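Colleague: I have a structure here, written as structure tokens, and I will follow up with some questions on it.
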Amino acid sequence: MLASRRLVALAKFLAIIGAFVLFLHVGVEMYASRHNTTGQSIYDKWTNALSREKAYGGGATGENQYAPEGTKPVKAALVALVRNQELYGMRKTIRELEDRWNHKYNYPYILLNDKPFSEKFKQGIQDLTKAKVEFGVLEPGTWGYPEWVDQIKAKEERDNANYIKGHSESYRFMCRFQSGFVYKHPLLKDLDYYWRIEPDVHYFCDIDYDPFLFMKTNGFKYGWNIAPTEYEPTVRTLWNTTENFMRENPELIPQHNMLDWVRRSDGTYTKCHFWSNFEIVDLSFYRSKEYEAYFEYLDRSGGFFYERWGDAPIHSIAVSMFLKKSQVHYFDDIGYYHPAMAHCPAGSKERGKCICDPNEGGADNFMCAKRFRQIS
Ligand SMILES: Nc1nc2c(ncn2[C@@H]2O[C@H](COP(=O)(O)OP(=O)(O)O)[C@@H](O)[C@H]2O)c(=O)[nH]1
Ligand SMILES: [Mg+2]
């Protein structure tokens, strides 16, 4: 009798424990789905990840299509303009990019310099990767002043400039090169896409797919990651010059464009720009007659030297004039840092094993990122 009472008590105790465990499990599930910032269920995320793996080359390890020596699914490369003295900054960038992504994909690197690379630099980079690395010197005429620029006036601007890099002549050569010449360099002539990289940047998350193939498959022309506003004193007449260009070349501006991103309803310039130290681009965009005409027009005006026009606002205004929003992709899943600003993807713990704190990666909340999401 006593034994059977004890048995009943034990059964009740076990039932209570069982109910408690069940309750706890349901609670955890609810909490997890409520705190899933991507708004997807765990199942959705899993199936999306799987289909993305297949469509964009994820899980490519060991497949020939990404063998170091072989041709890749996309004619593409990681491209940097860099100086010999930036070897260790460049090594940091490439080490991280290899660890986070390229050890599986083996896309080649193309490094360019206005001076010949030292043997130490070349060896120091090639040691980091089994992918092909090519080193190139810039073509004559692509670094320096065009003949029509008044160099005395340019020097006056540098001497009086009160903004970051305002005193630098080489910085202006760099911005002009990145705006109108990098994609014409002979080492890039067979490329369809490039991913621009720089020394001393960070990639916070694993990237488990091929962004080049992703661009190609979706017909994207321009991919970006951080979008700040430009500092006014560096672009004092850029918008006026652009308005003149549009007025004089209306046939080059398609009706479906993205101008609302850079132009307010009252016609003024938002100064929104894609931070071009990270950009993944279908190079046919830069090689188009529209882009070329715009670059020529700006270059003729001398604003690279009489002000300090950056390649970022120029690329960005060109994107806004000539592309549709559906051709422009926000790589908000790529965690990225360039000195001064960072983007940490939402849901960074679950996605891509990021090492950044999404609460600190404020770039997603920048006015220009929001404006991009709002425009159609
Ligand atoms: N070869 C070479 N590369 C340069 C020169 N100036 C800048 N760069 C490169 O151009 C890119 C942008 O320059 P950076 O100083 O990072 O400009 P910021 O990102 O606007 O602050 C980096 O990859 C630099 O290594 C230069 O005079 N020569
Ligand atoms: Mg930089």
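Chain identifiers are assigned as A, B, and so on, following the order in which chains appear in the structure tokens; residues are numbered from 1 within each chain, and ligands are numbered from 1 in order of appearance.
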As a PyMOL selection string, please: every protein or nucleic acid residue near ligand 1 (cut-off 7 Å, counting only C-alpha atoms and all ligand atoms).
Modeller: chain A and resi 80-83+86+112-115+170-171+174+197-199+277
Colleague: Produce a file of the selected residues containing N, CA and C atoms, as a PDB file, in the first residue's frame.
Modeller:
ATOM      1  N   ALA A  80      43.086  46.563 -55.343  1.00  0.00           N
ATOM      2  CA  ALA A  80      43.479  47.666 -54.454  1.00  0.00           C
ATOM      3  C   ALA A  80      44.540  48.516 -55.117  1.00  0.00           C
ATOM      4  N   LEU A  81      44.445  49.795 -54.869  1.00  0.00           N
ATOM      5  CA  LEU A  81      45.544  50.709 -55.133  1.00  0.00           C
ATOM      6  C   LEU A  81      46.254  50.846 -53.794  1.00  0.00           C
ATOM      7  N   VAL A  82      47.562  50.696 -53.778  1.00  0.00           N
ATOM      8  CA  VAL A  82      48.236  50.653 -52.480  1.00  0.00           C
ATOM      9  C   VAL A  82      49.713  51.028 -52.620  1.00  0.00           C
ATOM     10  N   ARG A  83      50.304  51.508 -51.529  1.00  0.00           N
ATOM     11  CA  ARG A  83      51.716  51.918 -51.540  1.00  0.00           C
ATOM     12  C   ARG A  83      52.589  50.869 -50.865  1.00  0.00           C
ATOM     13  N   GLU A  86      52.508  50.456 -47.213  1.00  0.00           N
ATOM     14  CA  GLU A  86      51.280  49.938 -46.599  1.00  0.00           C
ATOM     15  C   GLU A  86      51.234  48.408 -46.598  1.00  0.00           C
ATOM     16  N   LEU A 112      47.658  47.587 -57.444  1.00  0.00           N
ATOM     17  CA  LEU A 112      48.203  48.630 -58.320  1.00  0.00           C
ATOM     18  C   LEU A 112      48.914  49.687 -57.489  1.00  0.00           C
ATOM     19  N   ASN A 113      49.885  50.342 -58.125  1.00  0.00           N
ATOM     20  CA  ASN A 113      50.692  51.327 -57.415  1.00  0.00           C
ATOM     21  C   ASN A 113      51.174  52.369 -58.417  1.00  0.00           C
ATOM     22  N   ASP A 114      51.337  53.610 -57.954  1.00  0.00           N
ATOM     23  CA  ASP A 114      51.903  54.617 -58.864  1.00  0.00           C
ATOM     24  C   ASP A 114      53.415  54.438 -59.000  1.00  0.00           C
ATOM     25  N   LYS A 115      54.021  53.650 -58.092  1.00  0.00           N
ATOM     26  CA  LYS A 115      55.454  53.322 -58.189  1.00  0.00           C
ATOM     27  C   LYS A 115      55.593  51.805 -58.241  1.00  0.00           C
ATOM     28  N   SER A 170      48.772  64.102 -53.549  1.00  0.00           N
ATOM     29  CA  SER A 170      48.648  62.704 -54.003  1.00  0.00           C
ATOM     30  C   SER A 170      47.237  62.156 -53.741  1.00  0.00           C
ATOM     31  N   TYR A 171      46.595  62.651 -52.668  1.00  0.00           N
ATOM     32  CA  TYR A 171      45.237  62.184 -52.392  1.00  0.00           C
ATOM     33  C   TYR A 171      44.311  62.549 -53.547  1.00  0.00           C
ATOM     34  N   MET A 174      44.894  60.290 -56.366  1.00  0.00           N
ATOM     35  CA  MET A 174      44.261  58.999 -56.060  1.00  0.00           C
ATOM     36  C   MET A 174      42.755  59.053 -56.375  1.00  0.00           C
ATOM     37  N   ILE A 197      39.231  46.724 -52.421  1.00  0.00           N
ATOM     38  CA  ILE A 197      39.708  46.525 -51.052  1.00  0.00           C
ATOM     39  C   ILE A 197      40.794  47.560 -50.742  1.00  0.00           C
ATOM     40  N   GLU A 198      41.063  47.720 -49.466  1.00  0.00           N
ATOM     41  CA  GLU A 198      42.060  48.707 -49.018  1.00  0.00           C
ATOM     42  C   GLU A 198      42.844  48.147 -47.844  1.00  0.00           C
ATOM     43  N   PRO A 199      44.012  48.737 -47.563  1.00  0.00           N
ATOM     44  CA  PRO A 199      44.739  48.305 -46.362  1.00  0.00           C
ATOM     45  C   PRO A 199      43.959  48.663 -45.097  1.00  0.00           C
ATOM     46  N   ASN A 277      35.501  52.735 -50.533  1.00  0.00           N
ATOM     47  CA  ASN A 277      36.583  51.812 -50.133  1.00  0.00           C
ATOM     48  C   ASN A 277      36.084  50.372 -50.115  1.00  0.00           C
TER      49      ASN A 277
END
Colleague: Which polymer residues have any atom within 9 Å of an atom of A:Tyr145, counting only C-alpha atoms, with same-chain residues fewer than 6 positions away left out, as a list in words?
Modeller: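 Skipping anything fewer than 6 positions along the chain leaves Gln151, Phe173 and Phe305 of chain A.
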Colleague: Which residue out of A:Val281, A:Leu87, A:Val201, A:Ala154 has the minimum interatomic distance to A:Glu119 when only C-alpha atoms are used?
Modeller: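 Smallest separation from A:Glu119 among the options: A:Leu87.
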Colleague: Pick out the residues sitting within 10 Å of A:Asp190, and hand them over as a list of chain:residue names; count only C-alpha atoms, and ignore anything fewer than 4 positions along from it in its own chain.
Modeller: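 Once the adjacent positions are removed, what remains is A:Lys75, A:Ala76, A:Pro186.
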Colleague: Which of stretch 290-342 of chain A end up as strand (DSSP E or B) when DSSP is run on this backbone - answer as JSON, numbers by chain?
Modeller: {"A": [328, 329, 330, 336, 337, 338, 341, 342]}
Colleague: Can I get the selection written as a short mmCIF file (atom, residue, chain, number, x, y, z; two decimals), in the first residue's frame, with N, CA and C atoms?
Modeller:
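Result file is out_19.cif:
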data_model
loop_
_atom_site.label_atom_id
_atom_site.label_comp_id
_atom_site.auth_asym_id
_atom_site.auth_seq_id
_atom_site.Cartn_x
_atom_site.Cartn_y
_atom_site.Cartn_z
N VAL A 328 21.06 48.07 -57.83
CA VAL A 328 22.01 48.46 -56.79
C VAL A 328 21.74 47.62 -55.55
N HIS A 329 22.78 47.00 -55.01
CA HIS A 329 22.56 46.10 -53.88
C HIS A 329 23.29 46.56 -52.63
N TYR A 330 22.56 46.57 -51.54
CA TYR A 330 23.12 46.88 -50.21
C TYR A 330 23.60 45.56 -49.60
N TYR A 336 31.77 44.99 -41.96
CA TYR A 336 32.92 45.68 -42.55
C TYR A 336 33.31 46.89 -41.73
N TYR A 337 34.59 47.12 -41.64
CA TYR A 337 35.12 48.30 -40.96
C TYR A 337 36.20 48.93 -41.81
N HIS A 338 36.10 50.23 -41.99
CA HIS A 338 37.20 51.03 -42.54
C HIS A 338 37.41 52.12 -41.50
N MET A 341 34.46 54.16 -39.52
CA MET A 341 33.07 53.70 -39.56
C MET A 341 32.97 52.19 -39.75
N ALA A 342 31.89 51.64 -39.19
CA ALA A 342 31.71 50.19 -39.31
C ALA A 342 30.26 49.85 -39.61
#
Colleague: May I have the residues within 12 Å of A:Asp299 as an NGL selection string, using only C-alpha atoms and disregarding those fewer than 2 positions away in the same chain?
Modeller: :A and (142 or 144-149 or 172-173 or 175-177 or 179-181 or 238 or 241-242 or 245 or 292-297 or 301-311 or 314)
